[in-house]
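> My structure is stored as query_22.txt, with compact mmCIF, C-alpha atoms.
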```txt
# COMPACT_ATOMS: atom_id res chain seq x y z
CA MET C 15 20.10 -48.59 58.58
CA ILE C 16 20.12 -48.24 62.38
CA PRO C 17 17.42 -45.48 62.36
CA PHE C 18 15.28 -47.73 60.13
CA LEU C 19 15.59 -50.68 62.52
CA LEU C 20 14.91 -48.59 65.63
CA THR C 21 11.81 -46.99 64.10
CA PHE C 22 10.60 -50.42 62.95
CA ILE C 23 10.99 -51.96 66.43
CA LEU C 24 9.29 -49.01 68.14
CA ALA C 25 6.35 -49.01 65.70
CA LEU C 26 5.93 -52.79 66.01
CA LEU C 27 5.96 -52.64 69.82
CA LEU C 28 3.33 -49.90 69.80
CA TYR C 29 1.15 -51.88 67.37
CA LEU C 30 1.45 -55.02 69.49
CA LEU C 31 0.54 -53.03 72.61
CA LEU C 32 -2.57 -51.60 70.92
CA THR C 33 -3.78 -54.97 69.64
CA ALA C 34 -2.97 -57.08 72.72
CA GLY C 35 -5.74 -59.56 73.49
CA SER C 36 -6.91 -60.04 69.89
CA GLY C 37 -6.21 -63.77 69.52
CA SER C 38 -4.71 -67.02 70.71
CA MET C 39 -0.99 -66.85 69.71
CA LEU C 40 0.18 -65.62 73.13
CA LEU C 41 -2.13 -62.58 73.06
CA TRP C 42 -2.27 -61.81 69.35
CA SER C 43 -4.00 -63.32 66.32
CA PRO C 44 -1.79 -64.29 63.31
CA SER C 45 -3.45 -61.75 61.00
CA GLU C 46 -2.72 -58.93 63.46
CA LEU C 47 0.95 -59.98 63.65
CA VAL C 48 1.33 -59.95 59.84
CA ALA C 49 -0.48 -56.60 59.54
CA GLY C 50 1.66 -55.16 62.34
CA ILE C 51 4.95 -56.17 60.67
CA ALA C 52 3.83 -54.83 57.28
CA LEU C 53 2.62 -51.52 58.68
CA SER C 54 5.73 -51.10 60.85
CA LEU C 55 7.98 -51.61 57.81
CA LEU C 56 5.99 -48.95 55.96
CA ALA C 57 6.13 -46.55 58.94
CA ALA C 58 9.87 -47.10 59.35
CA ALA C 59 10.50 -46.44 55.64
CA VAL C 60 8.60 -43.15 55.80
CA ALA C 61 9.67 -41.85 59.23
CA ARG C 62 13.22 -43.13 59.73
CA ASN C 63 14.75 -39.65 59.43
CA PHE C 64 12.50 -38.10 62.07
CA LEU C 65 12.96 -40.31 65.13
CA CYS C 66 16.77 -40.24 65.23
CA ARG C 67 17.22 -36.64 64.08
CA SER C 68 19.91 -35.82 66.66
CA GLY C 69 22.16 -38.56 65.26
CA SER C 70 22.93 -40.03 68.67
CA PHE C 71 21.70 -43.49 69.69
CA ARG C 72 22.18 -42.98 73.41
CA MET C 73 18.50 -43.67 74.14
CA ALA C 74 18.56 -47.05 72.33
CA ASN C 75 20.32 -48.46 75.41
CA PRO C 76 17.74 -50.75 77.10
CA LEU C 77 19.05 -49.85 80.57
CA ARG C 78 18.15 -46.18 80.05
CA LEU C 79 14.71 -47.14 78.69
CA LEU C 80 14.13 -49.35 81.73
CA LEU C 81 14.94 -46.42 84.02
CA ILE C 82 12.09 -44.31 82.54
CA PRO C 83 9.16 -46.37 84.00
CA LEU C 84 11.11 -46.75 87.25
CA TYR C 85 11.50 -42.97 87.40
CA LEU C 86 7.82 -42.36 86.56
CA LEU C 87 6.43 -44.85 89.08
CA GLY C 88 8.93 -44.16 91.88
CA PRO C 89 10.22 -40.69 92.79
CA PHE C 90 8.10 -38.84 90.23
CA LEU C 91 4.79 -40.31 91.43
CA LEU C 92 5.72 -39.56 95.06
CA GLU C 93 6.54 -35.96 94.19
CA VAL C 94 3.32 -35.50 92.15
CA THR C 95 1.16 -36.96 94.93
CA LYS C 96 2.71 -34.71 97.57
CA ALA C 97 2.36 -31.63 95.33
CA ASN C 98 -1.27 -32.51 94.55
CA LEU C 99 -2.15 -32.60 98.25
CA ASP C 100 -0.33 -29.27 98.69
CA VAL C 101 -2.29 -27.62 95.86
CA ALA C 102 -5.54 -29.17 97.15
CA TYR C 103 -4.84 -27.43 100.47
CA ARG C 104 -4.20 -24.14 98.65
CA VAL C 105 -7.44 -24.46 96.63
CA ILE C 106 -9.44 -24.86 99.82
CA THR C 107 -7.71 -22.14 101.88
CA GLY C 108 -6.82 -19.70 99.05
CA ASN C 109 -3.40 -19.15 100.65
CA ILE C 110 -1.08 -18.42 97.65
CA ARG C 111 2.08 -16.40 96.80
CA PRO C 112 2.41 -16.72 93.00
CA GLY C 113 5.31 -15.54 90.84
CA ILE C 114 7.76 -16.50 88.10
CA ILE C 115 11.27 -17.56 89.14
CA ARG C 116 14.38 -18.46 87.14
CA VAL C 117 15.60 -22.04 87.58
CA GLN C 118 19.15 -23.06 86.64
CA SER C 119 19.21 -26.62 85.34
CA GLY C 120 22.72 -27.37 84.07
CA LEU C 121 21.32 -30.00 81.65
CA LYS C 122 22.87 -29.96 78.19
CA THR C 123 20.85 -32.22 75.89
CA ASP C 124 17.46 -31.36 74.36
CA LEU C 125 15.90 -34.57 75.73
CA GLY C 126 17.10 -33.79 79.25
CA ILE C 127 15.62 -30.27 79.13
CA PHE C 128 12.40 -31.72 77.69
CA MET C 129 12.09 -34.25 80.50
CA LEU C 130 12.89 -31.72 83.24
CA ALA C 131 10.47 -29.11 81.84
CA ASN C 132 7.67 -31.68 81.55
CA SER C 133 8.37 -33.07 85.02
CA ILE C 134 8.15 -29.55 86.44
CA THR C 135 4.94 -28.84 84.51
CA LEU C 136 3.29 -32.12 85.57
CA THR C 137 4.10 -31.46 89.22
CA PRO C 138 1.21 -29.33 90.53
CA GLY C 139 2.12 -25.85 91.73
CA THR C 140 4.82 -25.32 89.10
CA ILE C 141 4.48 -24.58 85.35
CA THR C 142 7.40 -24.08 82.97
CA VAL C 143 6.52 -20.85 81.16
CA ASP C 144 9.60 -20.26 79.00
CA ILE C 145 13.10 -21.58 78.31
CA ASP C 146 16.30 -19.61 77.77
CA GLU C 147 17.62 -21.33 74.63
CA LYS C 148 21.27 -20.34 75.22
CA SER C 149 21.81 -21.12 78.90
CA HIS C 150 19.02 -23.75 79.14
CA ASP C 151 17.54 -22.00 82.17
CA LEU C 152 13.82 -22.44 82.83
CA TYR C 153 11.30 -19.78 83.83
CA VAL C 154 8.89 -21.45 86.22
CA HIS C 155 5.59 -20.08 87.49
CA ASN C 156 5.29 -21.20 91.09
CA ILE C 157 2.01 -21.01 93.01
CA ASN C 158 3.68 -20.63 96.40
CA ILE C 159 7.15 -19.09 96.41
CA PRO C 160 8.96 -19.86 99.69
CA ASP C 161 10.16 -16.92 101.79
CA GLY C 162 13.40 -15.38 100.55
CA TRP C 163 13.29 -16.75 96.98
CA GLU C 164 11.94 -13.50 95.49
CA GLY C 165 15.30 -11.76 95.98
CA ARG C 166 17.41 -14.51 94.35
CA SER C 167 18.30 -14.23 90.67
CA GLY C 168 18.37 -18.01 90.12
CA VAL C 169 17.24 -21.12 91.97
CA GLU C 170 18.89 -24.56 91.66
CA ASP C 171 16.63 -27.13 89.96
CA ARG C 172 16.68 -29.66 92.82
CA GLU C 173 15.37 -27.08 95.31
CA LEU C 174 11.97 -27.22 93.52
CA PHE C 175 11.48 -30.85 94.60
CA SER C 176 11.45 -31.62 98.31
CA ILE C 177 11.33 -35.45 98.49
CA ALA C 178 13.40 -36.93 95.66
CA ASN C 179 16.24 -35.48 93.58
CA LEU C 180 14.44 -35.63 90.20
CA PRO C 181 17.09 -33.68 88.18
CA ALA C 182 19.71 -36.30 89.17
CA TRP C 183 17.42 -39.07 87.85
CA ILE C 184 16.90 -37.18 84.59
CA ARG C 185 20.64 -36.68 84.25
CA ARG C 186 21.15 -40.43 84.68
CA ILE C 187 18.48 -41.24 82.06
CA ALA C 188 19.12 -38.65 79.36
CA GLU C 189 22.80 -37.62 79.56
CA MET W 7 -14.78 -58.37 95.81
CA ILE W 8 -11.39 -56.81 96.50
CA ALA W 9 -11.39 -55.48 92.93
CA ASP W 10 -14.75 -53.79 93.54
CA ILE W 11 -13.42 -51.98 96.61
CA LEU W 12 -10.26 -50.90 94.72
CA ILE W 13 -12.32 -49.62 91.76
CA LEU W 14 -14.59 -47.62 94.05
CA ALA W 15 -11.63 -46.17 95.96
CA CYS W 16 -9.91 -45.09 92.72
CA LEU W 17 -13.13 -43.49 91.42
CA VAL W 18 -13.66 -41.58 94.67
CA ILE W 19 -10.07 -40.27 94.73
CA GLY W 20 -10.26 -39.32 91.05
CA LEU W 21 -13.57 -37.47 91.38
CA PHE W 22 -12.32 -35.70 94.55
CA PHE W 23 -9.31 -34.26 92.73
CA ASN W 24 -11.36 -33.38 89.62
CA THR W 25 -13.87 -31.51 91.80
CA LEU W 26 -11.08 -29.61 93.56
CA GLY W 27 -9.69 -28.66 90.15
CA ILE W 28 -13.01 -27.03 89.23
CA VAL W 29 -13.20 -25.26 92.60
CA GLY W 30 -9.69 -23.93 91.96
CA LEU W 31 -10.75 -22.62 88.54
CA LEU W 32 -13.46 -20.55 90.24
CA ARG W 33 -11.38 -19.38 93.21
CA PHE W 34 -7.96 -18.44 91.84
CA PRO W 35 -7.28 -14.88 90.59
CA ASP W 36 -5.37 -15.05 87.25
CA VAL W 37 -4.71 -17.33 84.26
CA TYR W 38 -1.51 -18.92 85.61
CA THR W 39 -2.82 -19.86 89.02
CA ARG W 40 -6.05 -21.13 87.47
CA MET W 41 -3.99 -23.34 85.18
CA HIS W 42 -2.34 -24.91 88.24
CA ALA W 43 -5.73 -26.08 89.45
CA THR W 44 -7.37 -27.10 86.17
CA THR W 45 -4.52 -28.80 84.30
CA LYS W 46 -2.61 -30.60 87.06
CA MET W 47 -5.29 -31.70 89.48
CA THR W 48 -7.67 -32.90 86.77
CA THR W 49 -4.83 -34.93 85.19
CA PHE W 50 -4.15 -36.58 88.53
CA GLY W 51 -7.86 -37.26 89.00
CA SER W 52 -8.36 -38.59 85.47
CA MET W 53 -5.37 -40.91 85.92
CA PHE W 54 -7.11 -42.42 88.93
CA THR W 55 -10.35 -42.95 86.98
CA ALA W 56 -8.26 -44.58 84.21
CA LEU W 57 -6.62 -46.75 86.87
CA SER W 58 -10.05 -47.97 87.98
CA VAL W 59 -10.78 -49.00 84.36
CA ILE W 60 -7.45 -50.88 84.28
CA ILE W 61 -8.31 -52.73 87.51
CA TYR W 62 -11.79 -53.53 86.15
CA GLY W 63 -10.35 -55.01 82.94
CA ALA W 64 -7.66 -56.97 84.80
CA ALA W 65 -10.16 -58.44 87.28
CA LEU W 66 -12.54 -59.55 84.51
CA PHE W 67 -9.64 -61.04 82.52
CA LEU W 68 -8.47 -63.06 85.53
CA SER W 69 -11.95 -64.40 86.22
CA SER W 70 -13.08 -65.06 82.61
CA GLY W 71 -9.84 -65.38 80.58
CA ASP W 72 -11.35 -63.38 77.71
CA GLY W 73 -8.76 -61.46 75.68
CA GLN W 74 -10.93 -58.42 75.06
CA TYR W 75 -10.48 -57.29 78.68
CA VAL W 76 -6.70 -57.13 78.16
CA THR W 77 -7.39 -54.75 75.26
CA LEU W 78 -9.58 -52.62 77.53
CA SER W 79 -6.88 -52.40 80.23
CA VAL W 80 -4.04 -51.67 77.81
CA HIS W 81 -6.02 -48.96 76.02
CA ALA W 82 -6.88 -47.27 79.32
CA LEU W 83 -3.17 -47.38 80.26
CA ILE W 84 -2.16 -45.79 76.93
CA ALA W 85 -4.87 -43.14 77.40
CA ALA W 86 -3.49 -42.26 80.85
CA VAL W 87 0.11 -41.97 79.56
CA SER W 88 -0.92 -39.83 76.56
CA LEU W 89 -3.04 -37.65 78.82
CA ALA W 90 -0.02 -36.95 81.03
CA PHE W 91 2.22 -36.08 78.07
CA THR W 92 -0.21 -33.91 76.12
CA ASN W 93 -1.26 -32.15 79.30
CA ALA W 94 2.31 -31.13 80.17
CA VAL W 95 3.09 -29.88 76.65
CA GLY W 96 -0.29 -28.16 76.26
CA SER W 97 -0.23 -26.28 79.55
CA HIS W 98 3.34 -25.13 78.84
CA ALA W 99 2.16 -23.83 75.45
CA ILE W 100 -0.80 -21.98 76.99
CA ALA W 101 1.36 -20.39 79.71
CA ARG W 102 4.03 -19.31 77.20
CA GLY W 103 1.40 -17.96 74.82
CA ALA W 104 -0.30 -16.02 77.60
CA HIS W 105 2.96 -14.41 78.70
CA LYS W 106 3.93 -13.57 75.09
CA ALA W 107 0.49 -12.01 74.56
CA GLY W 108 1.19 -9.62 77.43
CA ILE W 109 -0.92 -11.14 80.19
CA LYS W 110 1.09 -10.49 83.35
CA PRO W 111 0.78 -12.70 86.40
CA SER W 112 -1.19 -10.69 88.95
CA PRO W 113 -0.89 -10.90 91.86
CA ALA W 114 2.79 -11.85 91.64
CA ILE W 115 5.59 -11.70 94.21
CA VAL W 116 8.28 -11.69 91.52
CA ASP W 117 8.40 -11.99 87.69
CA ARG W 118 11.88 -12.91 86.43
CA LEU W 119 10.62 -13.52 82.88
CA GLU W 120 9.70 -9.83 82.63
CA GLU W 121 13.40 -8.87 82.93
CA TYR W 122 14.53 -11.45 80.35
CA THR W 123 15.54 -10.22 76.90
CA PRO W 124 16.53 -12.93 74.40
```
Kindly transcribe the structure held in the file into structure tokens.

Amino acid sequence: MIPFLLTFILALLLYLLLTAGSGSMLLWSPSELVAGIALSLLAAAVARNFLCRSGSFRMANPLRLLLIPLYLLGPFLLEVTKANLDVAYRVITGNIRPGIIRVQSGLKTDLGIFMLANSITLTPGTITVDIDEKSHDLYVHNINIPDGWEGRSGVEDRELFSIANLPAWIRRIAE
Amino acid sequence: MIADILILACLVIGLFFNTLGIVGLLRFPDVYTRMHATTKMTTFGSMFTALSVIIYGAALFLSSGDGQYVTLSVHALIAAVSLAFTNAVGSHAIARGAHKAGIKPSPAIVDRLEEYTP
């Protein structure tokens, strides 16, 4: 029952977002509201076993969901902007030291690993190439490896980010 | 007036980063370093061009009150978010596929994935 309700609410919110501005009832027209509820019920009936596959409803907590946009617009955007300027400098000068390093994350849940790997990939200069399924370590291709890192067998995840401690944010959101 | 300046600024920043992404594609030596330039910098640039569309829609909605401009802004926002997500997943898949297919990073200071045996 709970997976059904969660899927229904998520589908309805997405439908309302896509049809915002269609009419006069707040922002939506009555026909769009009825169609949205009917389609969301159908989508929830079909897909209820896929969204909540892990069986844990930790992410249904609104506080955690509210942290995601805060994380994306705050520390993450700062980090991406700084890394973009750094890579822009490297494109112009051609001054690179590429290589693949092993990053120890210490995250336990699938969602946490997913968020960390995507944050690393979206930050310019670093791409997650592979994941060790057992220890949840990440293999990260780095465009400019700092001096001394080539001899180390593993690097802590927060050392990749210089301004904000992104792994701590992800731990707060997903674990 | 202010909206026009903001839209132009966003377009200039976006096109600057997109251009640098293409320059990086031509300059860098191997598939991984090229991916740094093409996937990340063009995402950042395209997000700025999407932001200029959002500002355009919001400014027209505030001046005219027509609901269709809200739709324009919201759709541009959803496009920017989906671009960020699909880009991260896609570039990870390309990098993993390239390494599995035996394309080694060259030049490379260090390759820890080479030593890894599952």
> Which value, in Å to one decimal, gives the distance between atom CA of C:Phe175 and atom CA of C:Glu93?
7.1 Å
> Set out as a tab-separated table a contact list for chain C and chain W with a cut-off of 7 Å, giving each residue of chain C that qualifies its closest atom pair and distance in Å to one decimal, counting all atoms listed in the file, ordered by chain and rising residue number.

```
residue	atom	partner	partner_atom	distance
C:Leu32	CA	W:His81	CA	6.7
C:Thr33	CA	W:Thr77	CA	6.7
C:Ala34	CA	W:Thr77	CA	5.6
C:Gly35	CA	W:Gly73	CA	4.2
C:Ser36	CA	W:Gly73	CA	6.2
C:Asn98	CA	W:Met47	CA	6.5
C:Ala102	CA	W:Leu26	CA	6.6
C:Val105	CA	W:Gly30	CA	5.2
C:Arg111	CA	W:Ile115	CA	6.4
C:Pro112	CA	W:Ala114	CA	5.1
C:Gly113	CA	W:Ala114	CA	4.5
C:Ile114	CA	W:Asp117	CA	4.6
C:Ile115	CA	W:Arg118	CA	5.4
C:Arg116	CA	W:Arg118	CA	6.1
C:Asn132	CA	W:Ala94	CA	5.6
C:Thr135	CA	W:Ala94	CA	5.6
C:Leu136	CA	W:Ala94	CA	5.6
C:Pro138	CA	W:Lys46	CA	5.3
C:Gly139	CA	W:His42	CA	5.7
C:Ile141	CA	W:His98	CA	6.6
C:Thr142	CA	W:His98	CA	5.9
C:Val143	CA	W:Arg102	CA	4.9
C:Asp144	CA	W:Arg102	CA	5.9
C:Tyr153	CA	W:Leu119	CA	6.4
C:Ile157	CA	W:Thr39	CA	6.4
C:Glu164	CA	W:Val116	CA	5.7
```
> Kindly export the residues of the current selection with C-alpha atoms, as an mmCIF file, in the coordinates of the input.

```cif
data_model
loop_
_atom_site.group_PDB
_atom_site.id
_atom_site.type_symbol
_atom_site.label_atom_id
_atom_site.label_comp_id
_atom_site.auth_asym_id
_atom_site.auth_seq_id
_atom_site.Cartn_x
_atom_site.Cartn_y
_atom_site.Cartn_z
ATOM 1 C CA LEU C 32 -2.570 -51.600 70.920
ATOM 2 C CA THR C 33 -3.780 -54.970 69.640
ATOM 3 C CA ALA C 34 -2.970 -57.080 72.720
ATOM 4 C CA GLY C 35 -5.740 -59.560 73.490
ATOM 5 C CA SER C 36 -6.910 -60.040 69.890
ATOM 6 C CA ASN C 98 -1.270 -32.510 94.550
ATOM 7 C CA ALA C 102 -5.540 -29.170 97.150
ATOM 8 C CA VAL C 105 -7.440 -24.460 96.630
ATOM 9 C CA ARG C 111 2.080 -16.400 96.800
ATOM 10 C CA PRO C 112 2.410 -16.720 93.000
ATOM 11 C CA GLY C 113 5.310 -15.540 90.840
ATOM 12 C CA ILE C 114 7.760 -16.500 88.100
ATOM 13 C CA ILE C 115 11.270 -17.560 89.140
ATOM 14 C CA ARG C 116 14.380 -18.460 87.140
ATOM 15 C CA ASN C 132 7.670 -31.680 81.550
ATOM 16 C CA THR C 135 4.940 -28.840 84.510
ATOM 17 C CA LEU C 136 3.290 -32.120 85.570
ATOM 18 C CA PRO C 138 1.210 -29.330 90.530
ATOM 19 C CA GLY C 139 2.120 -25.850 91.730
ATOM 20 C CA ILE C 141 4.480 -24.580 85.350
ATOM 21 C CA THR C 142 7.400 -24.080 82.970
ATOM 22 C CA VAL C 143 6.520 -20.850 81.160
ATOM 23 C CA ASP C 144 9.600 -20.260 79.000
ATOM 24 C CA TYR C 153 11.300 -19.780 83.830
ATOM 25 C CA ILE C 157 2.010 -21.010 93.010
ATOM 26 C CA GLU C 164 11.940 -13.500 95.490
#
```
> Please provide as a ChimeraX atom specification all residues within 9 Å of W:Met53, with the sequence filter that same-chain residues fewer than 4 positions apart are discarded (counting only C-alpha atoms).
/W:20,48-49,57-58,83,85-87,89-90
> One number please: atom CA of C:Pro181 to atom CA of C:Leu130, in Å, one decimal.
6.8 Å
> Distance atom CA of C:Thr140-atom CA of C:Ala97, one decimal place?
9.2 Å
> Need to verify the contact set: C:Thr21, 8 Å, all atoms listed in the file, exclusion of same-chain residues closer than 5 positions in sequence. Can you return it as a ChimeraX atom specification?
/C:57-58,61-62,65
> Which residue, W:Ala56, W:Ile61, W:Leu21, W:Ser69, has the smallest gap to W:Ser88 when you use only C-alpha atoms?
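Smallest separation from W:Ser88 among the options: W:Ala56.
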